[in-house]
>>> print(open('my_file07.csv').read())   # CSV, C-alpha atoms and all ligand atoms
chain,number,residue,atom,x,y,z
A,1,MET,CA,20.3,-33.3,-11.5
A,2,LYS,CA,21.5,-32.0,-8.2
A,3,PRO,CA,19.1,-29.4,-6.7
A,4,VAL,CA,20.3,-25.8,-6.8
A,5,SER,CA,19.6,-23.9,-3.6
A,6,LEU,CA,18.8,-20.2,-3.5
A,7,ILE,CA,22.2,-19.5,-2.0
A,8,GLN,CA,24.0,-21.4,-4.8
A,9,PHE,CA,21.9,-19.6,-7.3
A,10,LEU,CA,22.9,-16.2,-5.8
A,11,ILE,CA,26.5,-17.2,-5.9
A,12,GLU,CA,26.1,-18.0,-9.7
A,13,GLU,CA,24.4,-14.6,-10.2
A,14,ARG,CA,27.3,-12.9,-8.4
A,15,ARG,CA,29.8,-14.8,-10.6
A,16,ALA,CA,27.9,-13.8,-13.7
A,17,GLY,CA,28.1,-10.1,-12.6
A,18,HIS,CA,24.4,-9.7,-12.3
A,19,ILE,CA,24.4,-8.8,-8.6
A,20,ASN,CA,26.9,-7.7,-6.0
A,21,ALA,CA,27.6,-9.2,-2.6
A,22,GLU,CA,25.3,-6.8,-0.8
A,23,LEU,CA,22.3,-7.4,-3.0
A,24,SER,CA,22.9,-11.2,-2.6
A,25,LEU,CA,22.8,-10.8,1.1
A,26,LEU,CA,19.7,-8.6,1.0
A,27,ILE,CA,17.8,-11.3,-1.0
A,28,GLU,CA,19.0,-14.0,1.5
A,29,VAL,CA,17.6,-11.9,4.4
A,30,VAL,CA,14.3,-11.2,2.6
A,31,ALA,CA,14.0,-14.9,1.8
A,32,ARG,CA,14.7,-15.9,5.4
A,33,ALA,CA,12.1,-13.4,6.6
A,34,CYS,CA,9.6,-14.8,4.2
A,35,LYS,CA,10.2,-18.3,5.6
A,36,ARG,CA,9.2,-16.9,9.0
A,37,ILE,CA,6.1,-15.3,7.5
A,38,ALA,CA,5.3,-18.7,5.9
A,39,VAL,CA,5.5,-20.3,9.4
A,40,ALA,CA,3.3,-17.6,10.9
A,41,THR,CA,0.7,-17.9,8.0
A,42,GLY,CA,0.7,-21.7,8.4
A,43,LYS,CA,-0.3,-21.5,12.0
A,44,GLY,CA,-3.8,-20.4,11.0
A,45,ALA,CA,-6.4,-20.4,13.8
A,46,LEU,CA,-3.9,-22.2,16.2
A,47,GLY,CA,-1.4,-19.4,16.1
A,48,GLY,CA,-3.6,-16.4,17.0
A,49,VAL,CA,-2.6,-14.9,13.6
A,50,LEU,CA,-6.1,-14.6,12.1
A,51,GLY,CA,-8.5,-11.6,12.3
A,52,GLU,CA,-8.2,-7.9,12.5
A,53,ALA,CA,-5.3,-6.1,14.1
A,54,GLY,CA,-7.7,-3.3,15.1
A,55,THR,CA,-5.5,-0.7,13.4
A,56,GLY,CA,-5.5,1.0,10.0
A,57,ASN,CA,-2.7,1.7,7.6
A,58,ILE,CA,-1.8,4.9,5.8
A,59,GLN,CA,-4.2,3.9,2.9
A,60,GLY,CA,-7.2,3.9,5.3
A,61,GLU,CA,-7.4,0.1,5.1
A,62,ALA,CA,-8.1,-2.0,8.2
A,63,GLN,CA,-5.0,-4.0,9.0
A,64,LYS,CA,-5.1,-7.7,9.7
A,65,LYS,CA,-3.0,-9.2,12.4
A,66,LEU,CA,-0.9,-11.0,9.8
A,67,ASP,CA,-0.3,-7.7,7.9
A,68,VAL,CA,1.3,-6.3,11.1
A,69,ILE,CA,3.2,-9.5,11.9
A,70,SER,CA,4.6,-9.8,8.4
A,71,ASN,CA,5.7,-6.1,8.3
A,72,GLU,CA,7.5,-6.5,11.6
A,73,ILE,CA,9.2,-9.7,10.5
A,74,LEU,CA,10.6,-8.0,7.4
A,75,LEU,CA,11.6,-4.8,9.2
A,76,GLU,CA,13.4,-6.7,12.0
A,77,ALA,CA,15.2,-9.0,9.6
A,78,ASN,CA,16.4,-6.2,7.4
A,79,ALA,CA,17.4,-3.8,10.2
A,80,TRP,CA,20.3,-6.1,11.1
A,81,GLY,CA,21.4,-7.0,7.6
A,82,GLY,CA,23.9,-4.2,6.8
A,83,HIS,CA,22.7,-4.2,3.2
A,84,LEU,CA,20.0,-1.4,3.3
A,85,ALA,CA,19.9,2.3,3.4
A,86,ALA,CA,16.1,2.3,4.3
A,87,CYS,CA,12.9,0.4,3.6
A,88,ALA,CA,9.3,1.3,2.8
A,89,SER,CA,6.2,-0.7,3.2
A,90,GLU,CA,2.5,-0.7,2.4
A,91,GLU,CA,1.9,-0.6,6.1
A,92,MET,CA,4.0,2.5,6.9
A,93,GLU,CA,3.4,6.1,5.8
A,94,ASP,CA,7.1,7.0,5.6
A,95,PRO,CA,10.3,5.0,5.0
A,96,GLN,CA,11.9,3.3,7.9
A,97,GLN,CA,15.5,4.3,8.5
A,98,ILE,CA,18.1,1.9,9.7
A,99,PRO,CA,18.5,2.5,13.4
A,100,ASP,CA,21.6,4.3,14.6
A,101,GLY,CA,24.5,2.0,15.4
A,102,TYR,CA,23.4,-0.6,12.8
A,103,PRO,CA,25.4,-1.1,9.7
A,104,LYS,CA,24.0,0.6,6.6
A,105,GLY,CA,24.1,-0.4,2.9
A,106,GLN,CA,23.3,1.1,-0.5
A,107,HIS,CA,19.9,-0.4,-1.2
A,108,LEU,CA,16.3,0.7,-0.8
A,109,LEU,CA,13.8,-2.1,-0.2
A,110,LEU,CA,10.1,-1.7,-0.7
A,111,PHE,CA,7.5,-4.4,0.2
A,112,ASP,CA,3.9,-5.3,0.5
A,113,PRO,CA,4.5,-7.6,3.5
A,114,LEU,CA,1.2,-9.5,3.1
A,115,ASP,CA,-0.6,-9.3,-0.2
A,116,GLY,CA,-4.2,-10.6,-0.4
A,117,SER,CA,-5.1,-9.8,3.2
A,118,SER,CA,-8.8,-10.4,2.6
A,119,ASN,CA,-7.9,-14.1,2.0
A,120,ILE,CA,-6.0,-14.8,5.2
A,121,ASP,CA,-9.0,-15.7,7.4
A,122,VAL,CA,-10.5,-18.0,4.7
A,123,ASN,CA,-7.2,-20.0,4.2
A,124,ILE,CA,-6.6,-18.9,0.6
A,125,SER,CA,-3.1,-18.2,-0.7
A,126,VAL,CA,-1.5,-14.9,0.3
A,127,GLY,CA,2.0,-13.5,-0.4
A,128,THR,CA,4.8,-11.0,0.0
A,129,ILE,CA,5.9,-8.7,-2.9
A,130,PHE,CA,9.2,-6.8,-2.9
A,131,SER,CA,11.3,-4.4,-5.0
A,132,VAL,CA,14.9,-3.3,-4.6
A,133,LEU,CA,16.3,0.0,-5.8
A,134,ARG,CA,19.7,1.7,-5.4
A,135,CYS,CA,19.9,4.5,-2.9
A,136,PRO,CA,21.0,7.7,-4.7
A,137,ASP,CA,24.7,8.4,-4.1
A,138,GLY,CA,25.5,10.6,-1.1
A,139,VAL,CA,22.1,10.1,0.6
A,140,THR,CA,22.5,8.8,4.1
A,141,GLU,CA,18.9,9.2,5.4
A,142,PRO,CA,16.7,8.4,2.4
A,143,LYS,CA,13.3,10.0,2.4
A,144,ALA,CA,10.2,9.1,0.4
A,145,ALA,CA,11.5,11.2,-2.6
A,146,HIS,CA,14.6,9.0,-2.9
A,147,PHE,CA,12.4,6.0,-3.5
A,148,LEU,CA,10.4,7.6,-6.3
A,149,GLN,CA,12.4,6.0,-9.1
A,150,PRO,CA,10.7,4.4,-12.2
A,151,GLY,CA,10.4,0.6,-12.3
A,152,THR,CA,13.1,0.4,-15.0
A,153,THR,CA,15.7,1.2,-12.3
A,154,GLN,CA,14.8,-1.8,-10.1
A,155,LEU,CA,17.8,-4.0,-9.3
A,156,ALA,CA,15.7,-6.9,-8.2
A,157,ALA,CA,12.0,-7.8,-7.7
A,158,GLY,CA,10.3,-10.8,-6.2
A,159,TYR,CA,7.3,-12.3,-4.6
A,160,VAL,CA,6.6,-15.2,-2.3
A,161,VAL,CA,3.3,-17.1,-2.4
A,162,TYR,CA,2.2,-18.8,0.8
A,163,GLY,CA,0.1,-21.5,-0.8
A,164,PRO,CA,-0.1,-25.2,-0.7
A,165,ALA,CA,3.7,-24.8,-1.3
A,166,THR,CA,5.7,-21.7,-0.4
A,167,VAL,CA,7.2,-20.4,-3.7
A,168,LEU,CA,9.6,-17.5,-4.3
A,169,VAL,CA,9.8,-15.9,-7.8
A,170,LEU,CA,12.7,-13.7,-8.4
A,171,THR,CA,14.3,-11.5,-11.1
A,172,PHE,CA,17.5,-9.4,-11.3
A,173,GLY,CA,16.8,-8.4,-14.8
A,174,HIS,CA,18.3,-11.6,-16.3
A,175,GLY,CA,15.2,-13.8,-16.5
A,176,THR,CA,12.6,-14.8,-14.0
A,177,HIS,CA,13.2,-17.8,-11.8
A,178,GLU,CA,11.2,-19.8,-9.3
A,179,PHE,CA,12.3,-21.5,-6.0
A,180,THR,CA,10.2,-23.8,-3.9
A,181,LEU,CA,10.6,-24.0,-0.2
A,182,ASP,CA,11.8,-27.5,0.9
A,183,ARG,CA,10.0,-27.4,4.3
A,184,GLU,CA,12.0,-30.3,5.7
A,185,VAL,CA,15.4,-28.8,4.9
A,186,GLY,CA,14.2,-25.2,5.4
A,187,SER,CA,15.7,-23.8,2.2
A,188,PHE,CA,14.4,-22.5,-1.1
A,189,VAL,CA,15.4,-24.8,-4.1
A,190,LEU,CA,15.4,-23.7,-7.7
A,191,SER,CA,12.3,-25.3,-9.3
A,192,ARG,CA,12.1,-23.3,-12.7
A,193,ARG,CA,14.8,-21.4,-14.4
A,194,SER,CA,14.2,-18.7,-17.1
A,195,ILE,CA,10.4,-18.9,-17.0
A,196,ARG,CA,8.6,-18.0,-20.3
A,197,ILE,CA,5.0,-16.8,-20.3
A,198,PRO,CA,3.1,-17.9,-23.5
A,199,GLU,CA,2.4,-14.9,-25.7
A,200,GLN,CA,-1.2,-15.9,-26.2
A,201,ALA,CA,-3.7,-16.6,-23.4
A,202,THR,CA,-7.0,-18.3,-22.9
A,203,GLU,CA,-7.4,-17.3,-19.2
A,204,PHE,CA,-8.1,-13.9,-17.7
A,205,ALA,CA,-8.3,-12.6,-14.2
A,206,ILE,CA,-10.4,-9.6,-13.3
A,207,ASN,CA,-12.8,-8.6,-10.6
A,208,MET,CA,-16.0,-8.7,-12.7
A,209,SER,CA,-18.1,-7.1,-9.9
A,210,ASN,CA,-16.6,-3.8,-11.0
A,211,GLN,CA,-17.7,-4.2,-14.6
A,212,ARG,CA,-20.4,-1.5,-14.6
A,213,HIS,CA,-17.8,1.0,-13.4
A,214,TRP,CA,-15.2,0.3,-16.1
A,215,GLN,CA,-14.3,2.7,-18.9
A,216,ALA,CA,-15.6,1.9,-22.4
A,217,PRO,CA,-12.5,0.3,-23.8
A,218,MET,CA,-12.3,-2.2,-20.9
A,219,GLN,CA,-16.0,-3.0,-21.4
A,220,ARG,CA,-15.3,-3.6,-25.1
A,221,TYR,CA,-12.2,-5.8,-24.5
A,222,ILE,CA,-13.8,-8.0,-21.7
A,223,GLY,CA,-17.1,-8.2,-23.6
A,224,GLU,CA,-15.2,-9.7,-26.5
A,225,LEU,CA,-13.5,-12.3,-24.3
A,226,LEU,CA,-16.8,-13.2,-22.7
A,227,ALA,CA,-18.4,-13.6,-26.2
A,228,GLY,CA,-16.0,-16.6,-26.7
A,229,LYS,CA,-16.0,-18.7,-29.9
A,230,THR,CA,-19.0,-16.9,-31.4
A,231,GLY,CA,-17.6,-13.4,-30.8
A,232,PRO,CA,-14.9,-11.4,-32.6
A,233,ARG,CA,-12.0,-13.2,-30.9
A,234,GLY,CA,-13.3,-16.6,-32.2
A,235,LYS,CA,-12.2,-18.6,-29.1
A,236,ASP,CA,-13.4,-19.3,-25.6
A,237,PHE,CA,-11.7,-17.8,-22.6
A,238,ASN,CA,-11.8,-19.0,-19.0
A,239,MET,CA,-11.9,-16.7,-15.9
A,240,ARG,CA,-10.1,-16.9,-12.5
A,241,TRP,CA,-10.0,-14.3,-9.7
A,242,VAL,CA,-8.2,-15.2,-6.4
A,243,ALA,CA,-8.1,-11.6,-5.2
A,244,SER,CA,-4.5,-12.1,-4.0
A,245,MET,CA,-2.4,-10.5,-6.7
A,246,VAL,CA,0.5,-12.9,-5.9
A,247,ALA,CA,-1.6,-15.9,-6.5
A,248,ASP,CA,-3.2,-14.5,-9.7
A,249,VAL,CA,0.2,-13.5,-11.0
A,250,HIS,CA,1.7,-16.8,-10.1
A,251,ARG,CA,-0.9,-18.6,-12.1
A,252,ILE,CA,0.1,-16.5,-15.1
A,253,VAL,CA,3.8,-17.2,-14.4
A,254,THR,CA,3.0,-20.9,-14.4
A,255,ARG,CA,0.5,-21.4,-17.2
A,256,GLY,CA,0.0,-18.0,-18.9
A,257,GLY,CA,-3.0,-15.7,-18.9
A,258,VAL,CA,-3.7,-12.1,-18.1
A,259,PHE,CA,-4.5,-10.1,-15.0
A,260,TYR,CA,-6.3,-6.7,-15.1
A,261,TYR,CA,-7.1,-4.2,-12.3
A,262,PRO,CA,-8.3,-1.4,-14.6
A,263,LEU,CA,-9.3,2.1,-13.7
A,264,ASP,CA,-13.0,2.4,-12.9
A,265,ALA,CA,-15.3,5.2,-11.8
A,266,LYS,CA,-15.2,4.1,-8.2
A,267,ILE,CA,-11.4,4.4,-7.9
A,268,GLU,CA,-10.7,7.0,-10.5
A,269,LYS,CA,-9.8,9.7,-8.0
A,270,GLN,CA,-7.1,7.5,-6.4
A,271,GLY,CA,-5.6,6.6,-9.8
A,272,GLY,CA,-6.2,2.8,-9.6
A,273,LYS,CA,-6.3,0.0,-7.0
A,274,LEU,CA,-2.8,-1.4,-6.9
A,275,ARG,CA,0.3,0.4,-5.5
A,276,ILE,CA,3.0,1.2,-8.1
A,277,MET,CA,6.1,1.0,-5.8
A,278,TYR,CA,5.5,-2.4,-4.1
A,279,GLU,CA,2.8,-4.1,-6.2
A,280,ALA,CA,2.8,-3.0,-9.8
A,281,ASN,CA,6.5,-2.3,-10.5
A,282,PRO,CA,7.9,-5.5,-9.0
A,283,MET,CA,5.2,-7.6,-10.7
A,284,ALA,CA,5.8,-5.8,-14.0
A,285,PHE,CA,9.6,-6.5,-13.8
A,286,ILE,CA,9.0,-10.2,-13.1
A,287,ILE,CA,6.4,-10.5,-15.9
A,288,GLU,CA,8.5,-8.6,-18.5
A,289,GLN,CA,11.6,-10.7,-17.6
A,290,ALA,CA,9.4,-13.8,-18.4
A,291,GLY,CA,8.5,-12.4,-21.8
A,292,GLY,CA,5.1,-10.9,-20.8
A,293,ALA,CA,4.0,-7.3,-20.8
A,294,ALA,CA,2.8,-4.9,-18.1
A,295,THR,CA,0.9,-1.6,-18.8
A,296,THR,CA,-1.6,0.7,-17.2
A,297,GLY,CA,-3.7,0.2,-20.3
A,298,ARG,CA,-2.1,3.4,-21.7
A,299,GLN,CA,1.6,3.1,-20.9
A,300,ARG,CA,4.3,0.7,-19.8
A,301,ILE,CA,4.1,0.5,-16.0
A,302,MET,CA,7.9,0.5,-15.5
A,303,GLU,CA,8.3,3.8,-17.4
A,304,ILE,CA,6.1,5.8,-15.0
A,305,GLN,CA,7.8,8.4,-12.9
A,306,PRO,CA,6.2,7.8,-9.5
A,307,THR,CA,5.0,10.8,-7.6
A,308,GLY,CA,4.1,9.2,-4.2
A,309,LEU,CA,5.3,6.2,-2.2
A,310,HIS,CA,1.8,4.8,-2.0
A,311,GLN,CA,0.7,6.0,-5.5
A,312,ARG,CA,-1.8,3.7,-7.2
A,313,VAL,CA,-2.0,2.7,-10.9
A,314,PRO,CA,-4.2,0.6,-13.2
A,315,VAL,CA,-2.5,-2.8,-13.9
A,316,PHE,CA,-2.7,-4.9,-17.1
A,317,LEU,CA,-0.2,-7.7,-17.1
A,318,GLY,CA,0.6,-11.2,-18.4
A,319,SER,CA,0.6,-12.7,-21.9
A,320,LYS,CA,2.0,-10.2,-24.3
A,321,GLU,CA,-0.6,-10.4,-27.1
A,322,GLU,CA,-3.6,-9.9,-24.8
A,323,VAL,CA,-2.0,-7.0,-22.8
A,324,GLU,CA,-1.1,-5.3,-26.1
A,325,LEU,CA,-4.6,-5.7,-27.5
A,326,ALA,CA,-6.3,-4.4,-24.3
A,327,THR,CA,-3.8,-1.5,-24.3
A,328,ARG,CA,-4.5,-0.7,-28.0
A,329,TYR,CA,-8.2,-0.5,-27.3
A,330,HIS,CA,-7.5,2.1,-24.6
A,331,LEU,CA,-5.2,4.1,-26.8
A,332,ASP,CA,-7.6,3.9,-29.8
A,333,ALA,CA,-10.4,5.2,-27.6
A,334,ASP,CA,-8.1,8.1,-26.4
A,335,GLY,CA,-7.4,8.9,-30.1
A,336,VAL,CA,-3.7,8.1,-29.7
A,337,VAL,CA,-2.2,7.1,-33.1
A,338,GLY,CA,0.4,4.4,-32.7
B,1,LIG,O1,-10.8,-7.1,-3.5
B,1,LIG,P1,-10.6,-6.7,-4.9
B,1,LIG,O2,-11.1,-5.4,-5.3
B,1,LIG,O3,-10.9,-7.9,-5.8
B,1,LIG,O4,-9.0,-6.5,-5.0
B,1,LIG,C1,-8.1,-7.6,-4.9
B,1,LIG,C2,-6.7,-7.0,-5.1
B,1,LIG,O5,-6.4,-6.3,-3.9
B,1,LIG,C3,-5.2,-6.8,-3.3
B,1,LIG,O6,-5.6,-7.6,-2.3
B,1,LIG,C4,-4.4,-5.7,-2.6
B,1,LIG,O7,-3.4,-6.2,-1.8
B,1,LIG,P2,-3.3,-6.0,-0.2
B,1,LIG,O8,-4.0,-7.2,0.5
B,1,LIG,O9,-1.8,-6.0,0.0
B,1,LIG,O10,-4.0,-4.7,0.2
B,1,LIG,C5,-4.5,-7.5,-4.4
B,1,LIG,O11,-3.7,-8.6,-3.9
B,1,LIG,C6,-5.7,-8.1,-5.2
B,1,LIG,O12,-5.4,-8.3,-6.6
B,2,MG,MG,-1.1,-6.1,-2.0
B,3,MG,MG,-0.7,-6.0,1.7
>>> encode(input="my_file07.csv", output="structure tokens", more="lines below")
Ligand SMILES: O=P(O)(O)OC[C@H]1O[C@](O)(COP(=O)(O)O)[C@@H](O)[C@@H]1O
Ligand SMILES: [Mg+2]
Ligand SMILES: [Mg+2]
Amino acid sequence: MKPVSLIQFLIEERRAGHINAELSLLIEVVARACKRIAVATGKGALGGVLGEAGTGNIQGEAQKKLDVISNEILLEANAWGGHLAACASEEMEDPQQIPDGYPKGQHLLLFDPLDGSSNIDVNISVGTIFSVLRCPDGVTEPKAAHFLQPGTTQLAAGYVVYGPATVLVLTFGHGTHEFTLDREVGSFVLSRRSIRIPEQATEFAINMSNQRHWQAPMQRYIGELLAGKTGPRGKDFNMRWVASMVADVHRIVTRGGVFYYPLDAKIEKQGGKLRIMYEANPMAFIIEQAGGAATTGRQRIMEIQPTGLHQRVPVFLGSKEEVELATRYHLDADGVVG
């Protein structure tokens, strides 16, 4: 069969009425920017891209050089596009307006320019995560409040993994699709259409070093997985933790499984580890569109009304039956009858 390029796929989606011309252009621009990030990432020690930037972001996290470079690539690419009203990033406290004199569009773009920063210097997969929302009508200079829309309103979401291959996974709410970068030709090519995540799982991803800080229902649930064949679940589970959410999620999108970053005593005050607007919501959209589930352990992630651009939430996502079971344990412990 003839390979389908990302551009051809976007034309198909426009014809099907799933996206308009402006959203198609926005995705093209983001994909092009991600190709530049892939090139920068691939330079490694030879490109001066490893190590600390010597600055901190709004979340008090030390920025790596590649965090800053990736953020600048995405900002620069999108400022020119004419498809955006504003964008927001993990690396910036407030939304970035489109500079005066540049054409403006109707969309809001949110991104985690480089996910899995702690893995850059050790040459393990990192990625970019993004989410697209509609700018409310009549708003010409969108502020943070205009971005605070529940995940159910997302028009598009995607991530790019910079791994052995560079892979883009995308949804417009009509299935989840995967594109692989053909490095020789320089374009993304459709590699899997309408991905389905198996409902059952035998693999889980969690940072086990936090175990002693977890809440009781999480202790119970993971304890049962660890008990394997001889425990109440009656089967063995394997464990993986890359510590780049993009890579852990991509494994699930490829062969099933579950990913948990639950609330624990260490991070209780901040509400969780992962950021709802540019990590949890786009990943939840992608996973649900592939037949999986995504909750905080207590509610569906995409139904949360966000209260802050950099708000954090617990994340349970992946194979439906596992996420539902872990969520039920939490609701049971809370005394919620369902
Ligand atoms: O270091 P920990 O606690 O295992 O956390 C790993 C998690 O943190 C993150 O790295 C956060 O992303 P950033 O690198 O964008 O800050 C996720 O990708 C990953 O799942
Ligand atoms: Mg991240
Ligand atoms: Mg990041």
>>> closest_residue(input="my_file07.csv", among="A:Asn119, A:Asn207, A:Gln219, A:Gln270", to="ligand MG 2 (chain B)", atoms="all atoms listed in the file")
A:Asn119
>>> residues_around(input="my_file07.csv", residues="A:Glu90", least_positions_apart="4", cutoff="9 Å", atoms="all atoms listed in the file", output="mmCIF file with C-alpha atoms, in the frame of the given file")
data_model
loop_
_atom_site.group_PDB
_atom_site.id
_atom_site.type_symbol
_atom_site.label_atom_id
_atom_site.label_comp_id
_atom_site.auth_asym_id
_atom_site.auth_seq_id
_atom_site.Cartn_x
_atom_site.Cartn_y
_atom_site.Cartn_z
ATOM 1 C CA ASN A 57 -2.700 1.700 7.600
ATOM 2 C CA ILE A 58 -1.800 4.900 5.800
ATOM 3 C CA GLN A 59 -4.200 3.900 2.900
ATOM 4 C CA ASN A 71 5.700 -6.100 8.300
ATOM 5 C CA LEU A 110 10.100 -1.700 -0.700
ATOM 6 C CA PHE A 111 7.500 -4.400 0.200
ATOM 7 C CA ASP A 112 3.900 -5.300 0.500
ATOM 8 C CA PRO A 113 4.500 -7.600 3.500
ATOM 9 C CA LEU A 114 1.200 -9.500 3.100
ATOM 10 C CA ARG A 275 0.300 0.400 -5.500
ATOM 11 C CA TYR A 278 5.500 -2.400 -4.100
ATOM 12 C CA LEU A 309 5.300 6.200 -2.200
ATOM 13 C CA HIS A 310 1.800 4.800 -2.000
#
>>> closest_residue(input="my_file07.csv", among="A:Ile252, A:Val68, A:Leu226, A:Ile195", to="A:Thr55", atoms="only C-alpha atoms")
A:Val68
>>> closest_residue(input="my_file07.csv", among="A:Ala293, A:Leu331, A:Val169, A:Leu108", to="A:His146", atoms="only C-alpha atoms")
A:Leu108
>>> closest_atom_pairs(input="my_file07.csv", of="stretch 213-254 of chain A", to="stretch 126-129 of chain A", cutoff="7 Å", atoms="only C-alpha atoms", output="CSV")
residue,atom,partner,partner_atom,distance
A:Ser244,CA,A:Val126,CA,5.9
A:Val246,CA,A:Gly127,CA,5.7
A:Ala247,CA,A:Val126,CA,6.9
>>> closest_residue(input="my_file07.csv", among="A:Leu66, A:Leu6, A:Ala53, A:Ala156", to="A:Ala38", atoms="only C-alpha atoms")
A:Leu66
>>> atom_distance(input="my_file07.csv", atom1="atom CA of A:Ala145", atom2="atom CA of A:Gly116")
27.0 Å
>>> atom_distance(input="my_file07.csv", atom1="atom CA of A:Asn238", atom2="atom CA of A:Thr202")
6.2 Å
>>> closest_residue(input="my_file07.csv", among="A:Asp67, A:Asp332, A:Glu12, A:Glu203", to="A:Arg240", atoms="only C-alpha atoms")
A:Glu203
>>> residues_near_point(input="my_file07.csv", point="(-0.6, -8.5, -23.7)", cutoff="8 Å", atoms="all atoms listed in the file", output="list in words")
Glu199, Gln200, Val258, Gly292, Ala293, Ala294, Phe316, Leu317, Gly318, Ser319, Lys320, Glu321, Glu322, Val323, Glu324, Leu325, Ala326 and Thr327 of chain A
>>> closest_residue(input="my_file07.csv", among="A:Arg220, A:His213, A:Arg15, A:His107", to="A:Thr153", atoms="only C-alpha atoms")
A:His107
>>> atom_distance(input="my_file07.csv", atom1="atom CA of A:Ala45", atom2="atom CA of A:Tyr162")
15.7 Å
>>> residues_near_point(input="my_file07.csv", point="(4.5, -1.1, -12.4)", cutoff="6 Å", atoms="all atoms listed in the file", output="compact mmCIF listing (two decimals) with C-alpha atoms, in the frame of the given file")
# COMPACT_ATOMS: atom_id res chain seq x y z
CA ILE A 276 3.00 1.20 -8.10
CA ALA A 280 2.80 -3.00 -9.80
CA ASN A 281 6.50 -2.30 -10.50
CA ALA A 284 5.80 -5.80 -14.00
CA ILE A 301 4.10 0.50 -16.00
CA MET A 302 7.90 0.50 -15.50
>>> decode(input="my_file07.csv", residues="stretch 19-31 of chain A", atoms="N, CA and C atoms", output="CSV table (one decimal), in the first residue's frame")
chain,number,residue,atom,x,y,z
A,19,ILE,N,-11.6,18.4,11.1
A,19,ILE,CA,-10.8,19.6,11.4
A,19,ILE,C,-11.0,20.6,10.3
A,20,ASN,N,-10.7,21.9,10.7
A,20,ASN,CA,-10.7,22.9,9.6
A,20,ASN,C,-9.3,23.2,9.1
A,21,ALA,N,-9.2,24.1,8.2
A,21,ALA,CA,-7.9,24.4,7.5
A,21,ALA,C,-6.9,24.9,8.5
A,22,GLU,N,-7.4,25.8,9.5
A,22,GLU,CA,-6.5,26.4,10.4
A,22,GLU,C,-5.9,25.4,11.4
A,23,LEU,N,-6.7,24.4,11.8
A,23,LEU,CA,-6.2,23.4,12.7
A,23,LEU,C,-5.2,22.5,12.0
A,24,SER,N,-5.5,22.2,10.7
A,24,SER,CA,-4.6,21.4,9.9
A,24,SER,C,-3.2,22.1,9.8
A,25,LEU,N,-3.3,23.4,9.6
A,25,LEU,CA,-2.0,24.1,9.5
A,25,LEU,C,-1.3,24.1,10.8
A,26,LEU,N,-2.0,24.3,11.9
A,26,LEU,CA,-1.4,24.3,13.2
A,26,LEU,C,-0.6,23.0,13.5
A,27,ILE,N,-1.3,21.9,13.1
A,27,ILE,CA,-0.6,20.6,13.4
A,27,ILE,C,0.6,20.4,12.5
A,28,GLU,N,0.5,20.9,11.2
A,28,GLU,CA,1.7,20.9,10.4
A,28,GLU,C,2.8,21.7,11.0
A,29,VAL,N,2.5,22.8,11.5
A,29,VAL,CA,3.6,23.7,12.1
A,29,VAL,C,4.2,23.0,13.4
A,30,VAL,N,3.3,22.4,14.2
A,30,VAL,CA,3.8,21.7,15.4
A,30,VAL,C,4.7,20.5,15.0
A,31,ALA,N,4.2,19.8,14.0
A,31,ALA,CA,5.0,18.6,13.5
A,31,ALA,C,6.4,19.1,13.0
